[in-house]
file entry.cif (mmCIF, C-alpha atoms)
data_target
#
loop_
_atom_site.label_atom_id
_atom_site.label_comp_id
_atom_site.auth_asym_id
_atom_site.auth_seq_id
_atom_site.Cartn_x
_atom_site.Cartn_y
_atom_site.Cartn_z
CA MET A 1 24.82 6.98 -14.53
CA ARG A 2 25.31 3.89 -16.69
CA ALA A 3 24.32 1.62 -13.79
CA TYR A 4 21.16 3.65 -13.19
CA THR A 5 20.28 3.51 -16.88
CA LYS A 6 20.73 -0.26 -16.91
CA GLU A 7 18.47 -0.82 -13.91
CA THR A 8 15.83 1.56 -15.25
CA GLU A 9 15.83 -0.26 -18.57
CA ARG A 10 15.46 -3.62 -16.84
CA PHE A 11 12.47 -2.37 -14.89
CA LEU A 12 10.81 -0.88 -17.97
CA LEU A 13 11.29 -4.14 -19.86
CA TRP A 14 9.78 -6.04 -16.94
CA CYS A 15 6.76 -3.69 -16.92
CA LEU A 16 6.32 -4.23 -20.64
CA HIS A 17 6.62 -8.02 -20.71
CA LEU A 18 5.30 -9.31 -17.37
CA PRO A 19 2.60 -7.16 -15.74
CA ARG A 20 2.17 -5.46 -19.14
CA LYS A 21 1.44 -2.11 -17.58
CA PRO A 22 2.67 1.42 -18.16
CA VAL A 23 4.94 2.68 -15.40
CA LEU A 24 2.28 5.08 -14.10
CA SER A 25 -0.05 2.12 -13.46
CA ILE A 26 2.47 0.14 -11.39
CA ASP A 27 1.29 -0.34 -7.81
CA VAL A 28 2.73 -1.75 -4.59
CA ALA A 29 1.84 -5.34 -5.47
CA ASP A 30 3.68 -4.99 -8.79
CA CYS A 31 6.75 -3.64 -7.02
CA VAL A 32 6.72 -6.57 -4.61
CA ALA A 33 6.50 -8.88 -7.63
CA TYR A 34 9.49 -7.12 -9.19
CA ARG A 35 11.49 -7.61 -6.00
CA ARG A 36 10.73 -11.33 -6.18
CA PHE A 37 11.66 -11.33 -9.86
CA LEU A 38 15.08 -9.86 -9.05
CA ALA A 39 15.63 -12.46 -6.34
CA GLU A 40 15.15 -15.25 -8.89
CA VAL A 41 15.72 -13.89 -12.39
CA PRO A 42 14.26 -16.37 -14.92
CA ALA A 43 16.73 -18.15 -17.18
CA ASP A 44 15.15 -16.70 -20.32
CA TRP A 45 16.11 -13.20 -19.13
CA ILE A 46 19.79 -14.14 -18.74
CA GLU A 47 22.60 -14.25 -21.30
CA PRO A 48 26.09 -14.70 -19.77
CA MET A 49 27.88 -13.34 -22.83
CA ALA A 50 28.26 -9.58 -23.33
CA LEU A 51 26.37 -9.23 -26.59
CA PRO A 52 25.59 -5.97 -28.41
CA ARG A 53 22.10 -4.60 -27.81
CA GLY A 54 20.91 -5.38 -31.31
CA HIS A 55 21.98 -9.04 -31.19
CA PRO A 56 19.04 -11.51 -31.33
CA ALA A 57 20.34 -13.34 -28.25
CA TRP A 58 20.78 -10.21 -26.11
CA LYS A 59 19.17 -10.39 -22.65
CA PRO A 60 18.90 -7.77 -19.88
CA PHE A 61 20.82 -9.83 -17.29
CA ARG A 62 24.23 -11.50 -17.36
CA GLY A 63 23.39 -13.81 -14.46
CA PRO A 64 21.56 -14.04 -11.12
CA LEU A 65 21.80 -10.93 -8.95
CA LYS A 66 23.51 -10.89 -5.58
CA PRO A 67 21.56 -9.37 -2.66
CA ALA A 68 23.52 -6.11 -2.88
CA SER A 69 22.73 -5.82 -6.59
CA GLN A 70 19.06 -6.50 -5.90
CA ARG A 71 18.96 -3.73 -3.32
CA HIS A 72 20.68 -1.35 -5.72
CA ALA A 73 18.13 -2.14 -8.43
CA LEU A 74 15.24 -1.37 -6.08
CA VAL A 75 16.85 1.90 -5.01
CA VAL A 76 17.14 2.93 -8.66
CA VAL A 77 13.49 2.13 -9.35
CA GLN A 78 12.46 4.04 -6.25
CA ALA A 79 14.46 7.02 -7.52
CA LEU A 80 12.69 6.68 -10.88
CA PHE A 81 9.30 7.05 -9.21
CA ASP A 82 10.60 9.96 -7.14
CA GLY A 83 11.49 11.68 -10.40
CA LEU A 84 7.99 11.08 -11.77
CA ARG A 85 6.53 12.60 -8.62
CA GLU A 86 8.30 15.90 -9.28
CA SER A 87 5.94 16.62 -12.18
CA ASN A 88 2.96 14.84 -10.59
CA PRO A 89 2.99 15.51 -6.83
CA ALA A 90 -0.22 13.50 -6.31
CA MET A 91 1.66 10.30 -7.08
CA VAL A 92 2.78 8.04 -4.25
CA ASN A 93 5.98 6.07 -4.74
CA PRO A 94 4.89 2.39 -4.88
CA MET A 95 8.45 1.07 -4.66
CA ALA A 96 9.12 3.02 -1.48
CA GLU A 97 6.05 1.48 0.12
CA ALA A 98 6.89 -2.00 -1.19
CA ARG A 99 10.35 -1.79 0.34
CA LYS A 100 8.84 -0.77 3.69
CA GLN A 101 6.28 -3.57 3.69
CA GLY A 102 8.40 -6.37 2.29
CA THR A 103 10.98 -8.57 3.88
CA ALA A 104 14.64 -7.88 3.29
CA VAL A 105 15.64 -8.60 -0.27
CA ASP A 106 18.21 -11.14 0.84
CA SER A 107 15.66 -13.04 2.95
CA PRO A 108 13.45 -15.76 1.50
CA VAL A 109 10.02 -14.49 0.48
CA SER A 110 7.14 -16.64 1.67
CA THR A 111 4.37 -17.08 -0.88
CA GLY A 112 2.42 -19.69 1.05
CA ARG A 113 -0.31 -17.21 1.97
CA SER A 114 -0.44 -15.40 -1.36
CA ILE A 115 -3.00 -16.02 -4.09
CA SER A 116 -1.83 -17.20 -7.50
CA ASP A 117 -2.86 -15.46 -10.71
CA PRO A 118 -5.08 -18.39 -11.86
CA ASP A 119 -6.82 -18.45 -8.46
CA TRP A 120 -7.26 -14.69 -8.60
CA ALA A 121 -8.83 -14.92 -12.06
CA TRP A 122 -11.15 -17.69 -10.84
CA LEU A 123 -12.20 -15.64 -7.81
CA LEU A 124 -13.04 -12.59 -9.92
CA ALA A 125 -14.99 -14.79 -12.34
CA GLN A 126 -17.11 -16.09 -9.44
CA ILE A 127 -17.87 -12.53 -8.36
CA ASP A 128 -18.82 -11.62 -11.94
CA ARG A 129 -21.23 -14.57 -12.10
CA ALA A 130 -22.77 -13.68 -8.74
CA GLU A 131 -23.25 -10.08 -9.86
CA ALA A 132 -24.88 -11.19 -13.11
CA LYS A 133 -27.29 -13.42 -11.16
CA ALA A 134 -28.11 -10.55 -8.81
CA LEU A 135 -29.01 -8.34 -11.75
CA VAL A 136 -31.33 -11.03 -13.11
CA ARG A 137 -32.99 -11.67 -9.75
CA GLN A 138 -33.66 -7.98 -9.12
CA PRO A 139 -35.19 -6.75 -12.39
CA GLY A 140 -37.05 -3.96 -10.59
CA SER A 141 -33.96 -2.65 -8.81
CA THR A 142 -31.73 0.06 -10.12
CA THR A 143 -28.41 -1.01 -11.61
CA LEU A 144 -26.68 0.75 -8.73
CA ARG A 145 -28.38 -1.41 -6.08
CA ALA A 146 -28.47 -4.74 -7.91
CA GLY A 147 -25.15 -6.51 -7.47
CA ALA A 148 -23.90 -3.90 -4.99
CA ILE A 149 -22.56 -6.58 -2.64
CA GLN A 150 -20.47 -8.11 -5.42
CA ARG A 151 -19.11 -4.74 -6.55
CA ARG A 152 -18.16 -3.92 -2.98
CA LEU A 153 -16.43 -7.28 -2.59
CA ARG A 154 -14.55 -6.78 -5.87
CA LEU A 155 -13.30 -3.39 -4.67
CA ILE A 156 -12.20 -4.80 -1.30
CA LEU A 157 -10.25 -7.63 -2.92
CA HIS A 158 -8.53 -5.35 -5.44
CA LEU A 159 -7.70 -2.90 -2.67
CA LEU A 160 -6.19 -5.59 -0.46
CA ARG A 161 -4.20 -7.16 -3.27
CA SER A 162 -2.78 -3.95 -4.73
CA THR A 163 -1.94 -2.14 -1.49
CA GLY A 164 -1.27 -4.83 1.11
CA LEU A 165 -3.54 -3.13 3.64
CA ARG A 166 -3.99 -4.83 6.98
CA LEU A 167 -7.56 -5.85 7.79
CA SER A 168 -7.64 -3.39 10.69
CA GLU A 169 -6.63 -0.62 8.28
CA LEU A 170 -9.19 -1.69 5.71
CA VAL A 171 -12.18 -1.60 8.06
CA THR A 172 -11.35 1.93 9.21
CA ALA A 173 -10.78 3.31 5.69
CA SER A 174 -13.35 5.68 4.21
CA MET A 175 -13.89 7.69 1.05
CA ALA A 176 -12.47 10.71 2.87
CA ASP A 177 -9.11 8.91 2.87
CA VAL A 178 -9.08 8.53 -0.93
CA CYS A 179 -7.60 11.19 -3.18
CA ALA A 180 -7.58 11.11 -6.99
CA VAL A 181 -5.89 13.83 -9.04
CA PRO A 182 -5.59 13.95 -12.86
CA LEU A 183 -2.01 13.52 -14.00
CA GLU A 184 -0.53 16.25 -16.11
CA GLY A 185 -0.27 15.10 -19.72
CA ALA A 186 -1.90 11.73 -19.03
CA ARG A 187 -5.36 10.30 -19.56
CA MET A 188 -5.44 8.55 -16.20
CA ALA A 189 -5.67 9.84 -12.66
CA ALA A 190 -3.18 9.31 -9.90
CA GLY A 191 -4.73 8.18 -6.69
CA TYR A 192 -3.71 7.33 -3.18
CA ILE A 193 -5.31 6.35 0.08
CA THR A 194 -4.23 7.73 3.43
CA VAL A 195 -3.87 4.86 5.88
CA HIS A 196 -4.26 5.51 9.58
CA GLY A 197 -2.03 3.19 11.56
CA SER A 198 -1.35 2.72 15.23
CA GLY A 199 -0.08 5.60 17.30
CA ALA A 200 -1.71 8.19 15.01
CA ARG A 201 0.81 7.34 12.30
CA GLN A 202 -0.25 7.85 8.71
CA ARG A 203 1.10 6.72 5.39
CA LYS A 204 -0.05 7.11 1.80
CA LEU A 205 -0.44 4.14 -0.54
CA PRO A 206 -0.83 4.47 -4.32
CA LEU A 207 -4.07 3.24 -5.87
CA SER A 208 -4.09 1.61 -9.28
CA GLY A 209 -6.34 2.88 -12.06
CA GLU A 210 -8.41 -0.29 -11.67
CA VAL A 211 -9.10 0.42 -8.01
CA LEU A 212 -9.96 4.05 -8.76
CA SER A 213 -12.43 2.97 -11.44
CA LEU A 214 -14.10 0.60 -8.96
CA ILE A 215 -14.37 3.36 -6.36
CA ARG A 216 -16.09 5.64 -8.84
#
call {"tool": "encode", "arguments": {"input": "entry.cif", "output": "structure tokens"}}
result
Amino acid sequence: MRAYTKETERFLLWCLHLPRKPVLSIDVADCVAYRRFLAEVPADWIEPMALPRGHPAWKPFRGPLKPASQRHALVVVQALFDGLRESNPAMVNPMAEARKQGTAVDSPVSTGRSISDPDWAWLLAQIDRAEAKALVRQPGSTTLRAGAIQRRLRLILHLLRSTGLRLSELVTASMADVCAVPLEGARMAAGYITVHGSGARQRKLPLSGEVLSLIR
């Protein structure tokens, strides 16, 4: 139990300080990022000495994690989300999906084809500018129609980044595949999309609150 508590605490601290999201807003992309974080724990998260929790120099990690410890940490986080699903069945476990999609935790993770946070922010800013220009150019159009292309593009990009959908899965997705259910005791909704893969196989991917707001 102590080991599970330690790994849960590490994950909650990571949610608080890095993506800065509540646990219920964590999606597949965040879980992949956490897996990478565990593979290379930053030095400022490590303190080799066993210090009491209240000590100013206390850190969550005593050193880099071995592959077996990384796998154990991911299993604990997956169990955490399974527990949350018991009270909110509409939730989809993002860590379970991240572990299916990702490479083995003891294999090097290639980031050559990923988009950095600064590039992502720049891309969204360009879409915002294009949408603003569209609204100016179409003064007689309704707000719904003006800038519709940009809003659609923004949704597609957020959907791809947060779920890791393949392009073939994206083009066949429809609103009928999206489900959003209010979470008990929470102000947000839990959402997921049913993905239709090859061989009539299906899987459910969690949707972040940001994606759900764009869909609406």
call {"tool": "closest_residue", "arguments": {"input": "entry.cif", "among": "A:Leu65, A:Ile193, A:Ile149, A:Leu170", "to": "A:Pro42", "atoms": "all atoms listed in the file"}}
result
A:Leu65
call {"tool": "resolve_selection", "arguments": {"input": "entry.cif", "expression": "the PyMOL selection byres ((chain A and resi 10-21) around 9)", "output": "ChimeraX atom specification"}}
result
/A:5-9,22-26,30,34,60-61,73,77
call {"tool": "atom_distance", "arguments": {"input": "entry.cif", "atom1": "atom CA of A:Leu153", "atom2": "atom CA of A:Gly197"}}
result
22.7 Å
call {"tool": "closest_residue", "arguments": {"input": "entry.cif", "among": "A:Arg151, A:Gly209, A:Leu157, A:Arg2", "to": "A:Ile115", "atoms": "only C-alpha atoms"}}
result
A:Leu157
call {"tool": "atom_distance", "arguments": {"input": "entry.cif", "atom1": "atom CA of A:Tyr192", "atom2": "atom CA of A:Val28"}}
result
11.2 Å
call {"tool": "residues_around", "arguments": {"input": "entry.cif", "residues": "stretch 83-100 of chain A", "least_positions_apart": "6", "cutoff": "10 Å", "atoms": "all atoms listed in the file", "output": "CSV table (one decimal) with C-alpha atoms, in the coordinates of the input"}}
result
chain,number,residue,atom,x,y,z
A,23,VAL,CA,4.9,2.7,-15.4
A,24,LEU,CA,2.3,5.1,-14.1
A,25,SER,CA,0.0,2.1,-13.5
A,26,ILE,CA,2.5,0.1,-11.4
A,27,ASP,CA,1.3,-0.3,-7.8
A,28,VAL,CA,2.7,-1.8,-4.6
A,29,ALA,CA,1.8,-5.3,-5.5
A,30,ASP,CA,3.7,-5.0,-8.8
A,31,CYS,CA,6.8,-3.6,-7.0
A,32,VAL,CA,6.7,-6.6,-4.6
A,33,ALA,CA,6.5,-8.9,-7.6
A,34,TYR,CA,9.5,-7.1,-9.2
A,35,ARG,CA,11.5,-7.6,-6.0
A,71,ARG,CA,19.0,-3.7,-3.3
A,74,LEU,CA,15.2,-1.4,-6.1
A,75,VAL,CA,16.8,1.9,-5.0
A,76,VAL,CA,17.1,2.9,-8.7
A,77,VAL,CA,13.5,2.1,-9.4
A,162,SER,CA,-2.8,-4.0,-4.7
A,163,THR,CA,-1.9,-2.1,-1.5
A,164,GLY,CA,-1.3,-4.8,1.1
A,179,CYS,CA,-7.6,11.2,-3.2
A,180,ALA,CA,-7.6,11.1,-7.0
A,181,VAL,CA,-5.9,13.8,-9.0
A,182,PRO,CA,-5.6,14.0,-12.9
A,183,LEU,CA,-2.0,13.5,-14.0
A,184,GLU,CA,-0.5,16.2,-16.1
A,185,GLY,CA,-0.3,15.1,-19.7
A,189,ALA,CA,-5.7,9.8,-12.7
A,190,ALA,CA,-3.2,9.3,-9.9
A,191,GLY,CA,-4.7,8.2,-6.7
A,192,TYR,CA,-3.7,7.3,-3.2
A,193,ILE,CA,-5.3,6.4,0.1
A,203,ARG,CA,1.1,6.7,5.4
A,204,LYS,CA,0.0,7.1,1.8
A,205,LEU,CA,-0.4,4.1,-0.5
A,206,PRO,CA,-0.8,4.5,-4.3
A,207,LEU,CA,-4.1,3.2,-5.9
call {"tool": "closest_residue", "arguments": {"input": "entry.cif", "among": "A:His72, A:Trp45, A:Ala130, A:Val211", "to": "A:Lys59", "atoms": "all atoms listed in the file"}}
result
A:Trp45
call {"tool": "residues_around", "arguments": {"input": "entry.cif", "residues": "A:Glu40", "least_positions_apart": "3", "cutoff": "12 Å", "atoms": "all atoms listed in the file", "output": "ChimeraX atom specification"}}
result
/A:33-37,43-46,61,63-67,70,105-106,108-109
call {"tool": "atom_distance", "arguments": {"input": "entry.cif", "atom1": "atom CA of A:Val195", "atom2": "atom CA of A:Leu160"}}
result
12.4 Å
call {"tool": "closest_residue", "arguments": {"input": "entry.cif", "among": "A:Ala148, A:Ala68, A:Leu38, A:Leu167", "to": "A:Asp128", "atoms": "all atoms listed in the file"}}
result
A:Ala148
call {"tool": "resolve_selection", "arguments": {"input": "entry.cif", "expression": "the PyMOL selection byres ((chain A and resi 150) around 12)", "output": "list in words"}}
result
Leu123, Leu124, Ala125, Gln126, Ile127, Asp128, Arg129, Ala130, Glu131, Ala132, Lys133, Ala134, Leu135, Leu144, Arg145, Ala146, Gly147, Ala148, Ile149, Arg151, Arg152, Leu153, Arg154, Leu155, Ile156, Leu157 and Leu214 of chain A
call {"tool": "write_last_selection", "arguments": {"input": "entry.cif", "atoms": "C-alpha atoms", "output": "PDB file, keeping the file's coordinate frame"}}
result
ATOM      1  CA  LEU A 123     -12.200 -15.640  -7.810  1.00  0.00           C
ATOM      2  CA  LEU A 124     -13.040 -12.590  -9.920  1.00  0.00           C
ATOM      3  CA  ALA A 125     -14.990 -14.790 -12.340  1.00  0.00           C
ATOM      4  CA  GLN A 126     -17.110 -16.090  -9.440  1.00  0.00           C
ATOM      5  CA  ILE A 127     -17.870 -12.530  -8.360  1.00  0.00           C
ATOM      6  CA  ASP A 128     -18.820 -11.620 -11.940  1.00  0.00           C
ATOM      7  CA  ARG A 129     -21.230 -14.570 -12.100  1.00  0.00           C
ATOM      8  CA  ALA A 130     -22.770 -13.680  -8.740  1.00  0.00           C
ATOM      9  CA  GLU A 131     -23.250 -10.080  -9.860  1.00  0.00           C
ATOM     10  CA  ALA A 132     -24.880 -11.190 -13.110  1.00  0.00           C
ATOM     11  CA  LYS A 133     -27.290 -13.420 -11.160  1.00  0.00           C
ATOM     12  CA  ALA A 134     -28.110 -10.550  -8.810  1.00  0.00           C
ATOM     13  CA  LEU A 135     -29.010  -8.340 -11.750  1.00  0.00           C
ATOM     14  CA  LEU A 144     -26.680   0.750  -8.730  1.00  0.00           C
ATOM     15  CA  ARG A 145     -28.380  -1.410  -6.080  1.00  0.00           C
ATOM     16  CA  ALA A 146     -28.470  -4.740  -7.910  1.00  0.00           C
ATOM     17  CA  GLY A 147     -25.150  -6.510  -7.470  1.00  0.00           C
ATOM     18  CA  ALA A 148     -23.900  -3.900  -4.990  1.00  0.00           C
ATOM     19  CA  ILE A 149     -22.560  -6.580  -2.640  1.00  0.00           C
ATOM     20  CA  ARG A 151     -19.110  -4.740  -6.550  1.00  0.00           C
ATOM     21  CA  ARG A 152     -18.160  -3.920  -2.980  1.00  0.00           C
ATOM     22  CA  LEU A 153     -16.430  -7.280  -2.590  1.00  0.00           C
ATOM     23  CA  ARG A 154     -14.550  -6.780  -5.870  1.00  0.00           C
ATOM     24  CA  LEU A 155     -13.300  -3.390  -4.670  1.00  0.00           C
ATOM     25  CA  ILE A 156     -12.200  -4.800  -1.300  1.00  0.00           C
ATOM     26  CA  LEU A 157     -10.250  -7.630  -2.920  1.00  0.00           C
ATOM     27  CA  LEU A 214     -14.100   0.600  -8.960  1.00  0.00           C
TER      28      LEU A 214
END
call {"tool": "build_atoms", "arguments": {"input": "entry.cif", "residues": "stretch 71-89 of chain A", "atoms": "N, CA and C atoms", "output": "compact mmCIF listing (two decimals), keeping the file's coordinate frame"}}
result
# COMPACT_ATOMS: atom_id res chain seq x y z
N ARG A 71 19.29 -4.94 -4.06
CA ARG A 71 18.96 -3.73 -3.32
C ARG A 71 19.23 -2.49 -4.15
N HIS A 72 20.35 -2.50 -4.87
CA HIS A 72 20.68 -1.35 -5.72
C HIS A 72 19.62 -1.15 -6.79
N ALA A 73 19.15 -2.24 -7.39
CA ALA A 73 18.13 -2.14 -8.43
C ALA A 73 16.85 -1.53 -7.89
N LEU A 74 16.46 -1.91 -6.68
CA LEU A 74 15.24 -1.37 -6.08
C LEU A 74 15.40 0.11 -5.74
N VAL A 75 16.59 0.48 -5.30
CA VAL A 75 16.85 1.90 -5.01
C VAL A 75 16.73 2.74 -6.28
N VAL A 76 17.23 2.21 -7.39
CA VAL A 76 17.14 2.93 -8.66
C VAL A 76 15.69 3.11 -9.08
N VAL A 77 14.90 2.04 -8.97
CA VAL A 77 13.49 2.13 -9.35
C VAL A 77 12.75 3.11 -8.44
N GLN A 78 13.08 3.08 -7.17
CA GLN A 78 12.46 4.04 -6.25
C GLN A 78 12.81 5.47 -6.65
N ALA A 79 14.05 5.69 -7.06
CA ALA A 79 14.46 7.02 -7.52
C ALA A 79 13.72 7.41 -8.80
N LEU A 80 13.45 6.42 -9.65
CA LEU A 80 12.69 6.68 -10.88
C LEU A 80 11.30 7.22 -10.54
N PHE A 81 10.63 6.58 -9.60
CA PHE A 81 9.30 7.05 -9.21
C PHE A 81 9.37 8.41 -8.51
N ASP A 82 10.43 8.64 -7.75
CA ASP A 82 10.60 9.96 -7.14
C ASP A 82 10.69 11.04 -8.21
N GLY A 83 11.38 10.73 -9.31
CA GLY A 83 11.49 11.68 -10.40
C GLY A 83 10.13 11.95 -11.05
N LEU A 84 9.33 10.90 -11.20
CA LEU A 84 7.99 11.08 -11.77
C LEU A 84 7.11 11.93 -10.86
N ARG A 85 7.33 11.83 -9.57
CA ARG A 85 6.53 12.60 -8.62
C ARG A 85 6.81 14.10 -8.70
N GLU A 86 7.97 14.47 -9.20
CA GLU A 86 8.30 15.90 -9.28
C GLU A 86 7.33 16.64 -10.20
N SER A 87 6.89 15.98 -11.27
CA SER A 87 5.94 16.62 -12.18
C SER A 87 4.50 16.28 -11.83
N ASN A 88 4.30 15.25 -11.00
CA ASN A 88 2.96 14.84 -10.59
C ASN A 88 2.96 14.60 -9.09
N PRO A 89 2.87 15.65 -8.29
CA PRO A 89 2.99 15.51 -6.83
C PRO A 89 1.95 14.60 -6.20
